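Everything on this sheet refers to the single structure shown next.
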Amino acid sequence: MIGFDEALALIQREVAVLPARTCAAPDAVGLVLASDVCSGEDLPPFDNSAMDGFALRIGSEPLAVGAELDVAGAQAAGDTHAIATSGAWEIMTGARLPDGLDAVIPVEQVEVLVRDGTDRPLRIRTTAVVEPGQHVRLRGEDVRTGACILKAGTRIEAPQLMLLAALGVAQVQVRPAPRVALLTTGRELVDDPTRTLASGEIRNSNGPYLAQRVRDAGAQLVLRETVSDDADAFLAALQRALAAGAEVVLSTGAVSMGRYDFVPDALRRIGACLHFHKVRIRPGKPLLFASLPGGQLYFGLPGNPVSSAVGLRFFVEPALRVLLGLAPERALRVPLAAAFNKRAALRFHLKGGLELDQHGQLQARVLPGQESFRIAPMAQANCWIVLPDTAASPAAGAMVDVYGLGHWLPPQLDEVMT
């Protein structure tokens with residue numbers, strides 16, 4: 001067995017960032033930026049009103065209550081450049097501020113003294129003090145021309161798409177989604193949820209979980225199959241995965257030391273290079289990592305559900321981060337809510353709950369049901385608590401590393417607050 005850090009270093013040595021490609025901004029949702037995006041224009045592109053009201057020129061001193069002004073013009077959203085030489089201008093929210101004016105008083109803070117025959121205001125009196133620059137959105141107040149608005153490594157989601165659209169950014173450089181195949185092994189596995197289980201059969205829970213987590217991690221799932229405990233059937237499925245363009249192949253099961261744990265020997269048969277097999281972790285110790293003859297990455301995850309979840313989260317996802325050009329992930333350091341009895345000199349990955357203590361401070365609690373076969377606690381967890389292999393049993397209050405269930409988001413603080 002090797003240690004976690006050594007295993008991770010071996011993985012990172014074999015992984016190279018995917019080449020960037022140009023993509024239309026709307027098609028980049030879910031993808032990761034390969035280069036910084038800088039703004040080619042100001043946002044807002046001109047000074048404009050934040051309120052429906054009247055635009056005025058007051059300079060550097062407040063305008064007192066009771067000031068009377070003639071209304072010299074009107075400006076609606078979408079109207080072009082205008083120049084104001086005197087008086088007030090009726091103005092709508094988002095309308096361009098006429099040159100020469102520098103503040104806006106809301107319509108509810110004026111008294112209209114005179115109207116024309118079409119009910120347009122001709123003269124007004126202020127009923128509130130007008131402060132210099134009030135209710136004016138200045139050109140470039142949100143984003144200046146040349147400013148870096150999105151850094152390389154940012155995942156494009158709806159807020160980023162909004163910003164790109166507002167600034168007229170039509171194309172971006174992105175990393176393509178890594179192509180991943182998933183093979184679940186075991187003649188006992190049943191994929192059809194409507195089928196009655198025969199004696200000795202179990203339902204395939206690893207397949208749906210890992211497939212979704214792969215997508216959540218920013219990868220594209222190109223193939224998912226369940227194969228029996230047979231090396232030839234497994235190798236045939238592996239060839240189908242490679243033919244589908246998989247750059248990373250995951251399998252579950254058949255990597256331990258039993259009679260039907262055929263994956264290591266099957267990989268050697270086709271000339272794969274096995275970099276490690278077994279890591280000093282719990283759960284998931286039998287994990288295997290190899291390079292296939294074509295350069296594709298191969299991860300053999302143990303078959304127990306939580307073991308496969310740990311293998312994906314702490315070994316596969318770091319590899320996907322490298323492929324996507326992302327920096328290594330950093331843990332959150334949080335005090336432990338209660339002591340934990342660590343019974344082996346292994347790196348532990350524990351189903352955890354991030355919560356608030358009585359003082360409103362974050363703490364991490366190890367959930368009951370840590371056995372690798374127990375799935376129900378996974379649905380209750382909102383984080384992983386990690387204890388290094390060098391640490392003794394931690395006491396309550398000891399600082400521990402906490403990771404989110406997936407690497408895109410920190411632990412779900414919204415759940416903690418509810």
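Residues in the structure tokens are named by chain (A, B, ... in the order shown) and by number from 1 within that chain; ligands are numbered from 1 in the order shown.
Residues within 7 Å of Leu324 (chain A), counting only C-alpha atoms and excluding same-chain residues fewer than 5 positions away, are A:Val17, A:Leu18, A:Val32, A:Arg175.
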I need the residues from that last selection saved to file as a PDB file, in the first residue's frame (with all heavy atoms), if you can.
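Final output, part.pdb:
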```pdb
ATOM      1  N   VAL A  17      -3.443  18.773 -18.815  1.00  0.00           N
ATOM      2  CA  VAL A  17      -4.611  19.616 -19.063  1.00  0.00           C
ATOM      3  C   VAL A  17      -5.074  19.460 -20.503  1.00  0.00           C
ATOM      4  O   VAL A  17      -4.273  19.308 -21.432  1.00  0.00           O
ATOM      5  CB  VAL A  17      -4.283  21.089 -18.728  1.00  0.00           C
ATOM      6  CG1 VAL A  17      -3.211  21.638 -19.658  1.00  0.00           C
ATOM      7  CG2 VAL A  17      -5.533  21.946 -18.794  1.00  0.00           C
ATOM      8  N   LEU A  18      -6.391  19.455 -20.702  1.00  0.00           N
ATOM      9  CA  LEU A  18      -6.954  19.316 -22.042  1.00  0.00           C
ATOM     10  C   LEU A  18      -6.739  20.601 -22.838  1.00  0.00           C
ATOM     11  O   LEU A  18      -6.779  21.697 -22.281  1.00  0.00           O
ATOM     12  CB  LEU A  18      -8.450  19.013 -21.953  1.00  0.00           C
ATOM     13  CG  LEU A  18      -8.830  17.656 -21.361  1.00  0.00           C
ATOM     14  CD1 LEU A  18     -10.328  17.566 -21.141  1.00  0.00           C
ATOM     15  CD2 LEU A  18      -8.362  16.524 -22.269  1.00  0.00           C
ATOM     16  N   VAL A  32     -15.428  25.040 -18.332  1.00  0.00           N
ATOM     17  CA  VAL A  32     -14.479  25.811 -17.538  1.00  0.00           C
ATOM     18  C   VAL A  32     -13.656  26.707 -18.459  1.00  0.00           C
ATOM     19  O   VAL A  32     -13.148  26.253 -19.495  1.00  0.00           O
ATOM     20  CB  VAL A  32     -13.543  24.857 -16.760  1.00  0.00           C
ATOM     21  CG1 VAL A  32     -12.458  25.635 -16.034  1.00  0.00           C
ATOM     22  CG2 VAL A  32     -14.353  24.037 -15.763  1.00  0.00           C
ATOM     23  N   ARG A 175     -12.128  24.760 -21.652  1.00  0.00           N
ATOM     24  CA  ARG A 175     -11.639  23.382 -21.696  1.00  0.00           C
ATOM     25  C   ARG A 175     -12.822  22.481 -22.022  1.00  0.00           C
ATOM     26  O   ARG A 175     -13.884  22.627 -21.420  1.00  0.00           O
ATOM     27  CB  ARG A 175     -11.059  22.958 -20.345  1.00  0.00           C
ATOM     28  CG  ARG A 175      -9.942  23.842 -19.825  1.00  0.00           C
ATOM     29  CD  ARG A 175      -8.664  23.691 -20.607  1.00  0.00           C
ATOM     30  NE  ARG A 175      -7.661  24.645 -20.128  1.00  0.00           N
ATOM     31  CZ  ARG A 175      -6.543  24.919 -20.785  1.00  0.00           C
ATOM     32  NH1 ARG A 175      -6.272  24.306 -21.930  1.00  0.00           N
ATOM     33  NH2 ARG A 175      -5.684  25.789 -20.296  1.00  0.00           N
TER      34      ARG A 175
END
```
Residues flagged strand (DSSP E) by DSSP in region 52-263 of chain A, as a ChimeraX atom specification:
/A:53-56,68-75,88-91,103-106,110-115,121-126,136-137,148-150,171-175,179-185,189-190,202-203,220-227,248-252
- Determine which residues of region 87-324 of chain A DSSP labels as alpha helix (DSSP H) from the backbone of this structure, then write them out as a ChimeraX atom specification. /A:158-166,206-216,231-243,263-269,305-311,317-323
- Query: If you count only C-alpha atoms, which residues fall within 12 Å of Ser372 (chain A), apart from same-chain ones fewer than 3 positions away, as a list in words?
  - Reply: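 Listing them by chain and then by number gives Ile281, Arg282, Pro283, Gly284, Lys285, Pro302, Gly303, Asn304, Pro305, Val306, Ser307, Ser308, Ala309, Val310, Gly311, Phe348, His349, Leu350, Lys351, Pro368, Gly369, Ile375, Ala376, Pro377 and Met378 of chain A.
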Please identify all polymer residues within 8 Å of Pro293 (chain A), counting only C-alpha atoms, omitting same-chain residues fewer than 3 positions from it, and present them as an mmCIF file with C-alpha atoms, in the first residue's frame.
```cif
data_model
loop_
_atom_site.group_PDB
_atom_site.id
_atom_site.type_symbol
_atom_site.label_atom_id
_atom_site.label_comp_id
_atom_site.auth_asym_id
_atom_site.auth_seq_id
_atom_site.Cartn_x
_atom_site.Cartn_y
_atom_site.Cartn_z
ATOM 1 C CA ILE A 270 -3.797 -5.596 -22.589
ATOM 2 C CA GLY A 271 -0.534 -3.880 -21.638
ATOM 3 C CA ALA A 272 -1.816 -1.335 -19.155
ATOM 4 C CA CYS A 273 0.647 0.216 -16.719
ATOM 5 C CA GLN A 296 -6.274 6.886 -21.251
#
```
Which residues are close to Leu138 (chain A), i.e. within 9 Å by only C-alpha atoms, leaving aside same-chain residues fewer than 5 positions away? Reply as a compact mmCIF listing (two decimals) with N, CA, C and O atoms, in the first residue's frame.
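Below is the file that was written, around.txt:
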```
# COMPACT_ATOMS: atom_id res chain seq x y z
N LEU A 43 -19.54 48.95 -18.31
CA LEU A 43 -20.87 48.52 -17.88
C LEU A 43 -21.21 49.28 -16.61
O LEU A 43 -20.48 49.16 -15.61
N PRO A 44 -22.28 50.08 -16.57
CA PRO A 44 -23.15 50.46 -17.69
C PRO A 44 -22.37 51.21 -18.77
O PRO A 44 -21.35 51.85 -18.49
N PRO A 45 -22.88 51.23 -20.01
CA PRO A 45 -22.17 51.90 -21.10
C PRO A 45 -22.35 53.41 -21.09
O PRO A 45 -21.68 54.11 -21.85
N PHE A 46 -23.24 53.93 -20.25
CA PHE A 46 -23.45 55.38 -20.14
C PHE A 46 -24.08 55.66 -18.78
O PHE A 46 -24.64 54.78 -18.13
N ASP A 47 -23.97 56.92 -18.34
CA ASP A 47 -24.64 57.33 -17.10
C ASP A 47 -26.15 57.20 -17.32
O ASP A 47 -26.68 57.69 -18.33
N ASN A 48 -26.85 56.59 -16.35
CA ASN A 48 -28.29 56.42 -16.52
C ASN A 48 -29.00 56.52 -15.19
O ASN A 48 -28.39 56.45 -14.12
N SER A 49 -30.31 56.67 -15.26
CA SER A 49 -31.11 56.88 -14.06
C SER A 49 -31.48 55.57 -13.40
O SER A 49 -31.87 54.61 -14.08
```
Fill in: For Arg96 (chain A): contacts at 12 Å, only C-alpha atoms, fewer than 3 positions along chain excluded, given as a count of residues only
35
- Looking at A:Ala211, A:Leu221, A:Leu189, A:Ala72, which one is nearest to Ala177 (chain A), with distances taken over only C-alpha atoms?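 For Ala177 (chain A), the nearest of the given residues is A:Leu221.
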Do a neighbour search on Leu292 (chain A) at 12 Å with only C-alpha atoms, toss out local chain neighbours closer than 4 positions, and write the hits as a PyMOL selection string.
chain A and resi 14+235+238-239+241-242+246-250+264+266-275+296-299
Determine, for each residue of region 372-396 of chain A having at least one atom at most 6 Å from an atom of region 327-342 of chain A, the closest pair of atoms and their separation in Å to one decimal, counting only C-alpha atoms; order by chain and ascending number, as CSV.
```
residue,atom,partner,partner_atom,distance
A:Ser393,CA,A:Lys342,CA,4.7
A:Pro394,CA,A:Ala339,CA,5.7
A:Ala395,CA,A:Ala339,CA,4.2
A:Ala396,CA,A:Ala338,CA,4.2
```
Write out, as a tab-separated table (two decimals), in the first residue's frame, the residues just selected, with N, CA and C atoms.
```tsv
chain	number	residue	atom	x	y	z
A	393	SER	N	-6.64	9.60	17.34
A	393	SER	CA	-8.07	9.86	17.49
A	393	SER	C	-8.28	11.31	17.91
A	394	PRO	N	-9.02	12.12	17.14
A	394	PRO	CA	-9.18	13.53	17.46
A	394	PRO	C	-10.20	13.74	18.57
A	395	ALA	N	-9.94	14.71	19.41
A	395	ALA	CA	-10.87	15.08	20.48
A	395	ALA	C	-11.87	16.10	19.96
A	396	ALA	N	-12.93	16.32	20.71
A	396	ALA	CA	-13.88	17.38	20.37
A	396	ALA	C	-13.14	18.71	20.31
```
Checklist line | Residue among A:Gly404, A:Gly353, A:Pro26, A:Gly53 lying closest to Gln171 (chain A), counting only C-alpha atoms | finding: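 Looking only at the distances to Gln171 (chain A), the closest residue turns out to be A:Pro26.
If you look at CA of Gly295 (chain A) and CA of Ala244 (chain A), they are 14.8 Å away from each other.
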Here CA of Ala217 (chain A) and CA of Arg179 (chain A) stand apart by 11.4 Å
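Minimum atom-to-atom distance to Thr184 (chain A), evaluated using only C-alpha atoms, belongs to A:Leu210 out of A:Ala379, A:Ala9, A:Leu210, A:Leu405.
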